[in-house]
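What follows is the content of start15.txt (compact mmCIF, C-alpha atoms).
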```txt
# COMPACT_ATOMS: atom_id res chain seq x y z
CA MET P 21 49.17 -5.74 29.50
CA ASN P 22 50.49 -2.72 31.43
CA LYS P 23 53.99 -1.85 30.18
CA GLU P 24 55.29 -1.32 33.70
CA PHE P 25 53.90 -4.71 34.71
CA ASN P 26 55.61 -6.45 31.81
CA LYS P 27 59.17 -5.54 32.76
CA LEU P 28 61.91 -7.85 33.95
CA PRO P 29 63.39 -7.30 37.45
CA LEU P 30 66.68 -5.76 36.24
CA ASP P 31 65.12 -3.46 33.66
CA GLY P 32 67.11 -0.20 33.71
CA ILE P 33 70.25 -1.77 35.22
CA ILE P 34 73.42 -1.32 33.13
CA ILE P 35 76.12 -3.98 33.29
CA LEU P 36 79.63 -3.20 32.05
CA ASP P 37 80.99 -6.58 31.04
CA LEU P 38 84.77 -6.94 30.82
CA THR P 39 84.63 -10.73 30.92
CA ASN P 40 85.97 -13.33 28.54
CA VAL P 41 85.06 -16.90 27.45
CA LEU P 42 82.66 -18.57 29.98
CA SER P 43 82.49 -17.77 33.71
CA GLY P 44 81.83 -14.05 33.24
CA PRO P 45 79.85 -14.17 29.97
CA PHE P 46 77.45 -16.79 31.37
CA ALA P 47 76.87 -14.60 34.44
CA THR P 48 76.16 -11.53 32.31
CA LEU P 49 73.89 -13.60 30.03
CA ILE P 50 71.79 -14.50 33.07
CA LEU P 51 71.68 -10.84 34.11
CA LYS P 52 70.68 -9.91 30.55
CA ASP P 53 67.87 -12.47 30.70
CA LEU P 54 66.76 -10.81 33.94
CA GLY P 55 66.38 -7.53 32.05
CA ALA P 56 69.72 -5.76 32.41
CA LYS P 57 71.40 -3.97 29.51
CA VAL P 58 74.82 -5.58 29.04
CA ILE P 59 77.60 -3.57 27.39
CA LYS P 60 80.29 -6.05 26.44
CA VAL P 61 83.67 -4.31 26.43
CA GLU P 62 85.93 -6.46 24.26
CA LYS P 63 89.67 -6.22 23.88
CA PRO P 64 91.06 -5.56 20.38
CA GLY P 65 90.51 -8.87 18.57
CA GLY P 66 87.48 -9.63 20.72
CA ASP P 67 86.45 -12.24 23.28
CA ASP P 68 88.66 -15.34 22.92
CA SER P 69 85.55 -17.47 22.48
CA ARG P 70 84.88 -15.84 19.09
CA SER P 71 87.51 -18.30 17.85
CA PHE P 72 85.95 -21.36 19.54
CA GLY P 73 83.92 -23.89 17.56
CA PRO P 74 81.53 -25.09 16.42
CA PHE P 75 81.22 -22.61 13.55
CA LEU P 76 78.46 -21.71 11.11
CA ASN P 77 79.33 -19.33 8.27
CA ASN P 78 82.58 -18.48 10.06
CA LYS P 79 80.71 -17.47 13.23
CA SER P 80 81.38 -19.07 16.60
CA CYS P 81 78.23 -20.74 17.89
CA TYR P 82 79.99 -21.06 21.26
CA PHE P 83 80.22 -17.24 21.43
CA ILE P 84 76.63 -16.81 20.24
CA SER P 85 75.27 -19.14 22.94
CA LEU P 86 76.80 -16.99 25.70
CA ASN P 87 76.46 -13.48 24.29
CA ARG P 88 73.07 -13.18 22.61
CA GLY P 89 71.39 -9.85 23.28
CA LYS P 90 74.50 -8.02 24.50
CA LYS P 91 75.99 -4.85 23.00
CA SER P 92 79.65 -4.90 21.88
CA ILE P 93 82.27 -2.17 21.95
CA SER P 94 86.00 -2.80 21.49
CA LEU P 95 88.31 -0.77 23.74
CA ASN P 96 92.03 -0.92 24.40
CA LEU P 97 92.28 0.15 28.02
CA LYS P 98 95.98 0.86 27.61
CA ILE P 99 95.16 3.74 25.24
CA LYS P 100 94.24 7.15 26.67
CA GLU P 101 91.27 7.75 24.34
CA ASP P 102 89.70 4.36 25.02
CA LYS P 103 90.38 4.68 28.75
CA LEU P 104 88.45 7.97 28.71
CA ILE P 105 85.49 6.28 27.01
CA PHE P 106 85.63 3.52 29.62
CA LYS P 107 85.55 6.07 32.44
CA LYS P 108 82.48 7.70 30.89
CA LEU P 109 80.83 4.29 30.64
CA LEU P 110 81.57 3.68 34.32
CA SER P 111 79.71 6.89 35.14
CA ILE P 112 76.44 5.41 33.80
CA THR P 113 77.10 1.84 34.97
CA ASP P 114 75.44 0.00 37.84
CA VAL P 115 77.57 -3.15 37.83
CA LEU P 116 81.10 -3.79 36.56
CA ILE P 117 82.09 -7.43 36.05
CA ASP P 118 85.52 -8.77 35.10
CA ASN P 119 87.29 -12.13 35.15
CA PHE P 120 90.86 -10.89 34.78
CA ARG P 121 93.60 -12.22 36.98
CA PRO P 122 94.03 -10.20 40.19
CA GLY P 123 96.05 -7.03 39.56
CA VAL P 124 95.15 -6.51 35.90
CA LEU P 125 92.55 -3.78 36.46
CA GLU P 126 94.83 -2.16 39.02
CA LYS P 127 97.66 -1.89 36.47
CA LEU P 128 95.21 -0.19 34.09
CA GLY P 129 94.41 2.39 36.75
CA PHE P 130 91.07 0.97 37.92
CA SER P 131 91.72 -0.25 41.45
CA TRP P 132 88.77 -0.63 43.81
CA ASN P 133 90.12 2.30 45.78
CA TYR P 134 89.84 4.47 42.64
CA LEU P 135 86.49 3.00 41.51
CA SER P 136 84.79 3.31 44.90
CA LYS P 137 85.85 6.95 45.33
CA THR P 138 85.09 8.03 41.76
CA TYR P 139 81.88 6.01 41.32
CA PRO P 140 80.54 5.54 44.89
CA LYS P 141 77.39 3.68 43.80
CA LEU P 142 79.25 1.25 41.52
CA ILE P 143 78.99 -2.47 42.19
CA HIS P 144 82.06 -4.48 41.12
CA SER P 145 82.03 -8.25 40.86
CA LYS P 146 85.32 -9.97 40.11
CA ILE P 147 85.66 -13.64 39.16
CA SER P 148 89.13 -15.19 39.23
CA GLY P 149 90.51 -18.67 39.58
CA PHE P 150 91.61 -18.41 43.19
CA GLY P 151 90.47 -15.01 44.42
CA GLU P 152 92.46 -11.91 45.33
CA THR P 153 94.08 -13.37 48.44
CA GLY P 154 96.03 -16.52 49.25
CA PRO P 155 99.20 -18.18 47.88
CA LEU P 156 97.58 -19.09 44.53
CA LYS P 157 96.01 -15.70 43.79
CA ASN P 158 98.25 -15.07 40.76
CA SER P 159 98.05 -18.62 39.35
CA PRO P 160 96.19 -19.38 36.11
CA ALA P 161 93.03 -21.46 36.37
CA TYR P 162 90.79 -23.33 33.98
CA ASP P 163 87.65 -25.34 34.64
CA ILE P 164 89.42 -28.71 34.84
CA ILE P 165 92.01 -27.26 37.23
CA VAL P 166 89.44 -26.11 39.76
CA GLN P 167 87.39 -29.31 39.35
CA ALA P 168 90.52 -31.27 40.24
CA MET P 169 91.81 -28.97 42.97
CA GLY P 170 88.36 -28.40 44.48
CA GLY P 171 87.74 -32.12 45.03
CA LEU P 172 84.95 -32.57 42.50
CA MET P 173 86.96 -34.86 40.21
CA GLY P 174 88.02 -36.83 43.27
CA ILE P 175 84.42 -37.95 43.83
CA THR P 176 83.42 -38.24 40.15
CA GLY P 177 84.03 -41.42 38.16
CA ASP P 178 84.32 -45.06 39.17
CA ASP P 179 86.78 -47.32 40.96
CA LYS P 180 89.18 -47.15 38.00
CA ASN P 181 89.04 -43.57 36.75
CA PHE P 182 88.40 -40.00 37.85
CA TYR P 183 86.32 -37.88 35.47
CA ARG P 184 85.76 -34.22 34.78
CA VAL P 185 82.06 -33.33 34.97
CA GLY P 186 80.62 -33.21 31.44
CA THR P 187 79.95 -29.45 31.50
CA SER P 188 82.38 -26.77 32.71
CA ILE P 189 80.93 -26.71 36.20
CA GLY P 190 84.02 -24.91 37.52
CA ASP P 191 83.11 -21.89 35.41
CA ILE P 192 79.35 -22.30 35.63
CA ALA P 193 79.23 -22.51 39.45
CA ALA P 194 81.23 -19.27 39.60
CA SER P 195 78.77 -17.69 37.13
CA LEU P 196 75.79 -18.60 39.29
CA PHE P 197 77.39 -17.39 42.52
CA CYS P 198 78.38 -14.20 40.71
CA VAL P 199 74.76 -13.51 39.80
CA ILE P 200 73.59 -14.27 43.34
CA GLY P 201 76.24 -11.94 44.71
CA ILE P 202 75.31 -9.12 42.34
CA LEU P 203 71.60 -9.39 43.12
CA SER P 204 72.47 -9.24 46.83
CA GLN P 205 74.70 -6.21 46.23
CA LEU P 206 71.90 -4.44 44.37
CA ILE P 207 69.57 -5.02 47.33
CA ARG P 208 72.26 -3.66 49.68
CA ARG P 209 72.77 -0.60 47.47
CA ASN P 210 69.04 0.10 47.54
CA LYS P 211 69.29 0.24 51.34
CA THR P 212 72.61 2.08 51.74
CA ASN P 213 72.99 4.01 48.46
CA LYS P 214 76.57 2.71 48.35
CA GLY P 215 78.41 0.40 45.97
CA SER P 216 80.47 -2.64 46.95
CA LYS P 217 82.91 -5.21 45.63
CA LEU P 218 82.62 -9.00 45.39
CA ASP P 219 85.82 -11.08 45.24
CA LEU P 220 84.73 -14.43 43.81
CA SER P 221 87.01 -17.44 43.43
CA MET P 222 86.24 -20.35 41.10
CA LEU P 223 87.96 -22.70 43.56
CA ASP P 224 85.88 -21.39 46.47
CA CYS P 225 82.73 -22.01 44.44
CA GLN P 226 83.75 -25.61 43.74
CA VAL P 227 84.33 -26.27 47.43
CA SER P 228 80.94 -24.71 48.14
CA ILE P 229 79.09 -27.19 45.90
CA LEU P 230 80.69 -30.38 47.23
CA GLU P 231 77.32 -31.18 48.82
CA ASN P 232 78.04 -33.28 51.93
CA ALA P 233 81.45 -34.68 50.91
CA ILE P 234 83.38 -32.60 53.46
CA THR P 235 80.88 -33.50 56.17
CA ARG P 236 81.21 -37.19 55.31
CA PHE P 237 85.01 -36.99 55.53
CA SER P 238 84.80 -35.17 58.85
CA THR P 239 82.37 -37.77 60.21
CA GLU P 240 83.85 -40.98 58.80
CA LYS P 241 87.54 -39.96 58.77
CA LYS P 242 88.03 -41.35 55.28
CA ASN P 243 87.95 -39.81 51.83
CA PRO P 244 84.72 -40.17 49.84
CA THR P 245 85.47 -42.09 46.65
CA PRO P 246 83.90 -42.06 43.19
CA LEU P 247 80.81 -44.26 43.10
CA GLY P 248 80.03 -44.23 39.40
CA ASN P 249 76.34 -43.40 39.11
CA ASP P 250 75.47 -44.42 42.67
CA HIS P 251 74.61 -41.96 45.42
CA PRO P 252 76.86 -41.87 48.51
CA SER P 253 73.94 -41.72 50.95
CA ILE P 254 70.85 -43.15 49.22
CA THR P 255 70.36 -46.67 47.77
CA PRO P 256 69.08 -47.72 45.26
CA PHE P 257 69.84 -44.52 43.41
CA GLY P 258 71.65 -44.75 40.09
CA CYS P 259 71.94 -46.43 36.72
CA PHE P 260 70.56 -49.98 36.27
CA LYS P 261 70.72 -52.44 33.38
CA THR P 262 67.58 -53.73 31.69
CA LYS P 263 67.25 -56.31 28.90
CA ASN P 264 68.45 -53.79 26.31
CA THR P 265 69.60 -50.40 27.69
CA ALA P 266 70.28 -48.92 31.11
CA ILE P 267 67.86 -46.62 32.91
CA VAL P 268 68.16 -44.36 35.95
CA ILE P 269 66.13 -45.11 39.09
CA ALA P 270 66.01 -43.07 42.30
CA ILE P 271 64.39 -44.54 45.43
CA GLY P 272 64.37 -41.98 48.24
CA ASN P 273 62.62 -43.76 51.13
CA ASP P 274 61.59 -47.16 52.54
CA LYS P 275 57.94 -46.90 51.45
CA LEU P 276 58.98 -46.24 47.86
CA PHE P 277 61.55 -49.05 48.05
CA LYS P 278 58.90 -51.62 49.05
CA LYS P 279 56.62 -50.46 46.25
CA PHE P 280 59.50 -50.62 43.76
CA CYS P 281 60.41 -54.19 44.76
CA GLU P 282 56.80 -55.30 44.33
CA ILE P 283 56.70 -53.79 40.83
CA ILE P 284 59.90 -55.51 39.68
CA GLY P 285 58.66 -58.85 41.06
CA ASP P 286 60.80 -59.47 44.18
CA LYS P 287 58.71 -58.64 47.26
CA LYS P 288 61.18 -60.29 49.66
CA ILE P 289 64.03 -57.79 49.17
CA PRO P 290 62.83 -55.08 51.63
CA PHE P 291 62.43 -57.59 54.47
CA GLU P 292 65.91 -59.12 54.23
CA LYS P 293 68.35 -57.87 56.86
CA MET P 294 70.87 -56.71 54.25
CA PHE P 295 68.31 -54.37 52.68
CA ILE P 296 65.84 -53.57 55.48
CA SER P 297 67.00 -49.96 55.91
CA ASN P 298 68.67 -47.35 53.77
CA LYS P 299 71.79 -47.66 55.94
CA ASN P 300 71.95 -51.41 55.27
CA ARG P 301 71.25 -50.89 51.58
CA ASN P 302 74.15 -48.44 51.38
CA ILE P 303 76.50 -50.97 52.94
CA ASN P 304 75.30 -53.76 50.63
CA LYS P 305 74.61 -51.78 47.47
CA MET P 306 76.50 -54.18 45.16
CA GLN P 307 74.45 -57.16 46.33
CA LEU P 308 71.26 -55.12 46.02
CA ARG P 309 72.17 -54.05 42.49
CA LYS P 310 72.51 -57.70 41.45
CA ARG P 311 69.08 -58.55 42.86
CA ILE P 312 67.43 -55.57 41.17
CA GLU P 313 69.12 -56.08 37.81
CA LYS P 314 68.22 -59.78 37.85
CA GLN P 315 64.58 -58.66 37.68
CA LEU P 316 65.08 -55.72 35.32
CA MET P 317 66.97 -57.88 32.80
CA LYS P 318 63.74 -59.80 32.13
CA LYS P 319 62.26 -56.91 30.13
CA GLY P 320 63.41 -53.91 28.10
CA SER P 321 63.81 -50.28 29.15
CA VAL P 322 60.62 -49.06 27.45
CA TYR P 323 58.52 -51.48 29.47
CA TRP P 324 60.21 -50.59 32.77
CA LEU P 325 60.05 -46.83 32.21
CA LYS P 326 56.36 -47.01 31.38
CA THR P 327 55.60 -49.28 34.34
CA LEU P 328 57.70 -47.37 36.88
CA ASN P 329 56.37 -43.99 35.77
CA LYS P 330 52.80 -45.29 35.97
CA ASN P 331 53.43 -46.28 39.59
CA GLY P 332 55.14 -43.05 40.64
CA ILE P 333 58.68 -44.43 40.83
CA PRO P 334 61.25 -41.73 39.86
CA CYS P 335 63.06 -42.94 36.75
CA SER P 336 64.37 -41.81 33.38
CA LYS P 337 66.06 -42.96 30.23
CA ILE P 338 69.55 -41.56 29.79
CA ASN P 339 68.97 -38.88 27.21
CA LYS P 340 71.37 -37.85 24.50
CA ILE P 341 71.26 -34.17 23.48
CA SER P 342 69.11 -35.10 20.49
CA ASP P 343 66.59 -36.52 22.98
CA VAL P 344 66.76 -33.42 25.16
CA ILE P 345 65.88 -30.95 22.40
CA ASN P 346 62.88 -33.12 21.42
CA ASN P 347 61.69 -33.84 24.95
CA PRO P 348 58.00 -32.78 25.23
CA GLN P 349 58.51 -31.39 28.77
CA ILE P 350 61.48 -29.28 27.68
CA ILE P 351 59.65 -28.11 24.56
CA ASN P 352 56.56 -27.25 26.62
CA ARG P 353 58.70 -25.12 28.96
CA GLY P 354 60.21 -23.26 26.00
CA MET P 355 63.76 -24.20 26.92
CA ILE P 356 64.96 -24.61 23.32
CA PHE P 357 64.65 -21.87 20.71
CA ASN P 358 65.78 -21.34 17.13
CA TYR P 359 68.33 -18.55 16.88
CA SER P 360 68.71 -16.61 13.64
CA ASP P 361 70.73 -13.60 12.50
CA LYS P 362 71.82 -12.26 9.12
CA ASP P 363 74.26 -15.14 8.62
CA ILE P 364 72.74 -18.02 10.58
CA LYS P 365 69.28 -19.57 10.47
CA ASN P 366 67.62 -21.85 13.02
CA LEU P 367 70.54 -22.57 15.34
CA LYS P 368 69.15 -24.36 18.39
CA LEU P 369 70.10 -22.73 21.70
CA SER P 370 68.98 -23.20 25.28
CA ASP P 371 66.72 -20.44 26.57
CA THR P 372 66.42 -18.82 29.99
CA PRO P 373 64.77 -20.90 32.75
CA PHE P 374 63.13 -17.83 34.34
CA LYS P 375 59.33 -17.99 34.22
CA PHE P 376 57.90 -14.91 35.98
CA ASN P 377 54.16 -14.44 36.42
CA PHE P 378 54.57 -10.69 35.80
CA TYR P 379 56.46 -10.95 32.52
CA LYS P 380 55.32 -12.20 29.15
CA SER P 381 58.45 -13.17 27.23
CA HIS P 382 58.99 -11.99 23.68
CA LYS P 383 59.19 -14.67 21.02
CA LYS P 384 61.85 -12.78 19.03
CA LYS P 385 65.31 -13.25 20.50
CA GLU P 386 68.11 -10.69 20.36
CA VAL P 387 71.20 -11.68 18.41
CA ALA P 388 74.82 -11.89 19.52
CA PRO P 389 76.82 -8.82 18.47
CA GLU P 390 79.60 -8.60 15.94
CA LEU P 391 82.83 -7.27 17.44
CA ASN P 392 82.45 -3.51 18.08
CA GLU P 393 79.06 -3.56 16.32
CA ASN P 394 77.36 -1.26 18.83
CA LYS P 395 80.09 1.36 19.34
CA LYS P 396 78.04 4.26 17.91
CA GLU P 397 74.97 3.26 19.90
CA ILE P 398 76.99 2.96 23.11
CA LEU P 399 78.78 6.28 22.61
CA LYS P 400 75.41 7.93 21.99
CA MET P 401 74.29 6.69 25.40
CA LEU P 402 77.06 8.80 26.94
CA LEU P 403 75.63 11.95 25.33
CA ASP P 404 72.01 11.42 26.36
```

Just give me the structure of the file as structure tokens.
Amino acid sequence: MNKEFNKLPLDGIIILDLTNVLSGPFATLILKDLGAKVIKVEKPGGDDSRSFGPFLNNKSCYFISLNRGKKSISLNLKIKEDKLIFKKLLSITDVLIDNFRPGVLEKLGFSWNYLSKTYPKLIHSKISGFGETGPLKNSPAYDIIVQAMGGLMGITGDDKNFYRVGTSIGDIAASLFCVIGILSQLIRRNKTNKGSKLDLSMLDCQVSILENAITRFSTEKKNPTPLGNDHPSITPFGCFKTKNTAIVIAIGNDKLFKKFCEIIGDKKIPFEKMFISNKNRNINKMQLRKRIEKQLMKKGSVYWLKTLNKNGIPCSKINKISDVINNPQIINRGMIFNYSDKDIKNLKLSDTPFKFNFYKSHKKKEVAPELNENKKEILKMLLD
């Protein structure tokens, strides 16, 4: 295969990564998986997540999962010598990313005014809890804070409890928007030959992914409430009991609903006024659930999953993580790999979802760096 053909889209792009823990490191991991070289600039003592469990041989597997393939250098940006190294790194950098609170970089002497004048082609992406403007700009933020403040927890749970989403979606949404923003900025720079800055707020990102909750409130003049596993606009769509364990079923239109009712053995349901349209089914979803589960309780989940799948009805068992890593579809797509370094063998990690027709991925995966492991290599880059 031609070497030029087998290159990832961001090959040759250098990312200077000042980020810590999750929102920034996940963004730079995605950029690394897209081919960029990521130089992780860590404070003395390193990224806070180096102390987060679980651990293997005194190494943080949390840190490894977010920082594989990056290069580490430890710099104290309050010290003149290290600040000079950082400035030299900026001179060869395409994209600077940080997730400090607003004002931190400015106090260190790296305001956007300085950066844009000194490095006119530099792209700067900043992730913070609430952005660089507004009354909360200096407030601390964690994932659960923005999930709560952004309304996500208010529509997640059941009629008794609100729940945080099971992954840190407050951080992760910001990571994904950060990557989208950077890719857009790179396209803009290709056209204008000028750098730019992105001010990204975790709270803004949460509001952005509320799907149609704001629209529903604006239309219905009442707050959307947690619906457990049900969908606010589509019924039946959720978790249903069988004879032994619950399964998930998603029926997206009337034709599929009629077919589903025939399969479970109650052909009359779709023709009853309460259930004749999706609108009616939404209004009467509790009554519909009872009718459906009355049929599903006659047999076990294995039978129903096999039968529904055979007939093209969207459904799934509710997988535990042990099921996920052994799922034939996920294995076939190469989404789980065994990570190894000098201290750890066969640690299972999730892989990149990118599947490009122009790139044949390498089986060998790069390891996560020790703190300051790549200092000599990085400094040599400044001399080349």

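Here the question is which of P:Lys100, P:Tyr183, P:Phe75, P:Ile117 gets nearest to Leu36 of chain P using only C-alpha atoms, and that residue is P:Ile117.
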
Query raised in the report: Need the neighbours of (66.2, -48.7, 57.0): which residues are at most 12 Å away, counting only C-alpha atoms, as a ChimeraX atom specification?
Result: /P:254-255,272-278,290-303

Requested in this report: Just the residues within 12 Å of Gly123 of chain P, please, counting all atoms listed in the file, with nothing from its chain fewer than 3 positions along; format it as a PyMOL selection string.
Outcome: chain P and resi 118-120+126-132+146+148+151-153+157-159

Query raised in the report: What gap, in Å, lies between atom CA of Tyr139 of chain P and atom CA of Asn213 of chain P?
Result: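 It comes out at 11.6 Å.
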
Query raised in the report: Which distance in Å separates atom CA of Cys335 of chain P and atom CA of Gly171 of chain P, to one decimal?
Result: 28.2 Å

Report task. Measure the distance from atom CA of Gly177 of chain P to atom CA of Gly248 of chain P in Å and round it to one decimal. Result -> 5.0 Å

Report task. Starting from the point (84.4, -43.9, 53.7), work out which residues of protein, DNA or RNA have an atom no more than 12 Å away when counting all atoms listed in the file; state them as a list in words. Result ->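 Here the neighbourhood of the point contains Ile175, Ala233, Ile234, Thr235, Arg236, Phe237, Ser238, Thr239, Glu240, Lys241, Lys242, Asn243, Pro244, Thr245, Pro246, Leu247, Pro252, Ser253, Asn302 and Ile303 of chain P.
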
Report task. Go through P:Ile284, P:Ile364, P:Ile189, P:Ala194 and flag the residue nearest Thr48 of chain P, using only C-alpha atoms for the distances. Result ->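 The closest residue to Thr48 of chain P is P:Ala194.
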
Query raised in the report: If we count all atoms listed in the file, what is near Ser195 of chain P at a cut-off of 10 Å, once residues fewer than 5 positions away on the same chain are taken out, given as a list in words?
Result: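 The residues satisfying every condition are Leu42, Ser43, Gly44, Pro45, Phe46, Ala47, Thr48, Leu49, Ile50, Ile147, Ile189, Gly190, Ile200, Gly201, Leu220, Met222 and Cys225 of chain P.
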
For segment 24-45 of chain P, supply N, CA and C atoms and report the output as a PDB file, keeping the file's coordinate frame.
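Written output follows (rebuild.pdb):
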```pdb
ATOM      1  N   GLU P  24      54.493  -1.263  32.480  1.00  0.00           N
ATOM      2  CA  GLU P  24      55.290  -1.320  33.700  1.00  0.00           C
ATOM      3  C   GLU P  24      55.234  -2.719  34.316  1.00  0.00           C
ATOM      4  N   PHE P  25      54.075  -3.357  34.178  1.00  0.00           N
ATOM      5  CA  PHE P  25      53.900  -4.710  34.710  1.00  0.00           C
ATOM      6  C   PHE P  25      54.763  -5.706  33.952  1.00  0.00           C
ATOM      7  N   ASN P  26      54.877  -5.495  32.649  1.00  0.00           N
ATOM      8  CA  ASN P  26      55.610  -6.450  31.810  1.00  0.00           C
ATOM      9  C   ASN P  26      57.074  -6.064  31.636  1.00  0.00           C
ATOM     10  N   LYS P  27      57.743  -5.825  32.776  1.00  0.00           N
ATOM     11  CA  LYS P  27      59.170  -5.540  32.760  1.00  0.00           C
ATOM     12  C   LYS P  27      59.894  -6.545  33.622  1.00  0.00           C
ATOM     13  N   LEU P  28      61.104  -6.917  33.181  1.00  0.00           N
ATOM     14  CA  LEU P  28      61.910  -7.850  33.950  1.00  0.00           C
ATOM     15  C   LEU P  28      62.536  -7.141  35.156  1.00  0.00           C
ATOM     16  N   PRO P  29      62.927  -7.897  36.190  1.00  0.00           N
ATOM     17  CA  PRO P  29      63.390  -7.300  37.450  1.00  0.00           C
ATOM     18  C   PRO P  29      64.576  -6.343  37.307  1.00  0.00           C
ATOM     19  N   LEU P  30      65.486  -6.604  36.370  1.00  0.00           N
ATOM     20  CA  LEU P  30      66.680  -5.760  36.240  1.00  0.00           C
ATOM     21  C   LEU P  30      66.553  -4.734  35.114  1.00  0.00           C
ATOM     22  N   ASP P  31      65.330  -4.488  34.675  1.00  0.00           N
ATOM     23  CA  ASP P  31      65.120  -3.460  33.660  1.00  0.00           C
ATOM     24  C   ASP P  31      65.688  -2.123  34.161  1.00  0.00           C
ATOM     25  N   GLY P  32      66.507  -1.475  33.331  1.00  0.00           N
ATOM     26  CA  GLY P  32      67.110  -0.200  33.710  1.00  0.00           C
ATOM     27  C   GLY P  32      68.502  -0.324  34.310  1.00  0.00           C
ATOM     28  N   ILE P  33      68.914  -1.535  34.669  1.00  0.00           N
ATOM     29  CA  ILE P  33      70.250  -1.770  35.220  1.00  0.00           C
ATOM     30  C   ILE P  33      71.245  -1.929  34.063  1.00  0.00           C
ATOM     31  N   ILE P  34      72.378  -1.237  34.163  1.00  0.00           N
ATOM     32  CA  ILE P  34      73.420  -1.320  33.130  1.00  0.00           C
ATOM     33  C   ILE P  34      74.608  -2.097  33.672  1.00  0.00           C
ATOM     34  N   ILE P  35      74.985  -3.137  32.932  1.00  0.00           N
ATOM     35  CA  ILE P  35      76.120  -3.980  33.290  1.00  0.00           C
ATOM     36  C   ILE P  35      77.271  -3.692  32.325  1.00  0.00           C
ATOM     37  N   LEU P  36      78.424  -3.372  32.867  1.00  0.00           N
ATOM     38  CA  LEU P  36      79.630  -3.200  32.050  1.00  0.00           C
ATOM     39  C   LEU P  36      80.432  -4.484  32.147  1.00  0.00           C
ATOM     40  N   ASP P  37      80.490  -5.208  31.056  1.00  0.00           N
ATOM     41  CA  ASP P  37      80.990  -6.580  31.040  1.00  0.00           C
ATOM     42  C   ASP P  37      82.388  -6.635  30.423  1.00  0.00           C
ATOM     43  N   LEU P  38      83.386  -6.823  31.283  1.00  0.00           N
ATOM     44  CA  LEU P  38      84.770  -6.940  30.820  1.00  0.00           C
ATOM     45  C   LEU P  38      85.218  -8.398  30.727  1.00  0.00           C
ATOM     46  N   THR P  39      84.277  -9.321  30.775  1.00  0.00           N
ATOM     47  CA  THR P  39      84.630 -10.730  30.920  1.00  0.00           C
ATOM     48  C   THR P  39      84.886 -11.422  29.578  1.00  0.00           C
ATOM     49  N   ASN P  40      85.485 -12.600  29.702  1.00  0.00           N
ATOM     50  CA  ASN P  40      85.970 -13.330  28.540  1.00  0.00           C
ATOM     51  C   ASN P  40      85.628 -14.811  28.674  1.00  0.00           C
ATOM     52  N   VAL P  41      85.292 -15.461  27.609  1.00  0.00           N
ATOM     53  CA  VAL P  41      85.060 -16.900  27.450  1.00  0.00           C
ATOM     54  C   VAL P  41      83.779 -17.383  28.154  1.00  0.00           C
ATOM     55  N   LEU P  42      83.828 -17.881  29.430  1.00  0.00           N
ATOM     56  CA  LEU P  42      82.660 -18.570  29.980  1.00  0.00           C
ATOM     57  C   LEU P  42      82.167 -18.059  31.326  1.00  0.00           C
ATOM     58  N   SER P  43      82.993 -18.061  32.361  1.00  0.00           N
ATOM     59  CA  SER P  43      82.490 -17.770  33.710  1.00  0.00           C
ATOM     60  C   SER P  43      81.804 -16.420  33.789  1.00  0.00           C
ATOM     61  N   GLY P  44      82.438 -15.377  33.247  1.00  0.00           N
ATOM     62  CA  GLY P  44      81.830 -14.050  33.240  1.00  0.00           C
ATOM     63  C   GLY P  44      80.704 -13.913  32.237  1.00  0.00           C
ATOM     64  N   PRO P  45      80.922 -14.288  30.972  1.00  0.00           N
ATOM     65  CA  PRO P  45      79.850 -14.170  29.970  1.00  0.00           C
ATOM     66  C   PRO P  45      78.569 -14.910  30.323  1.00  0.00           C
TER      67      PRO P  45
END
```
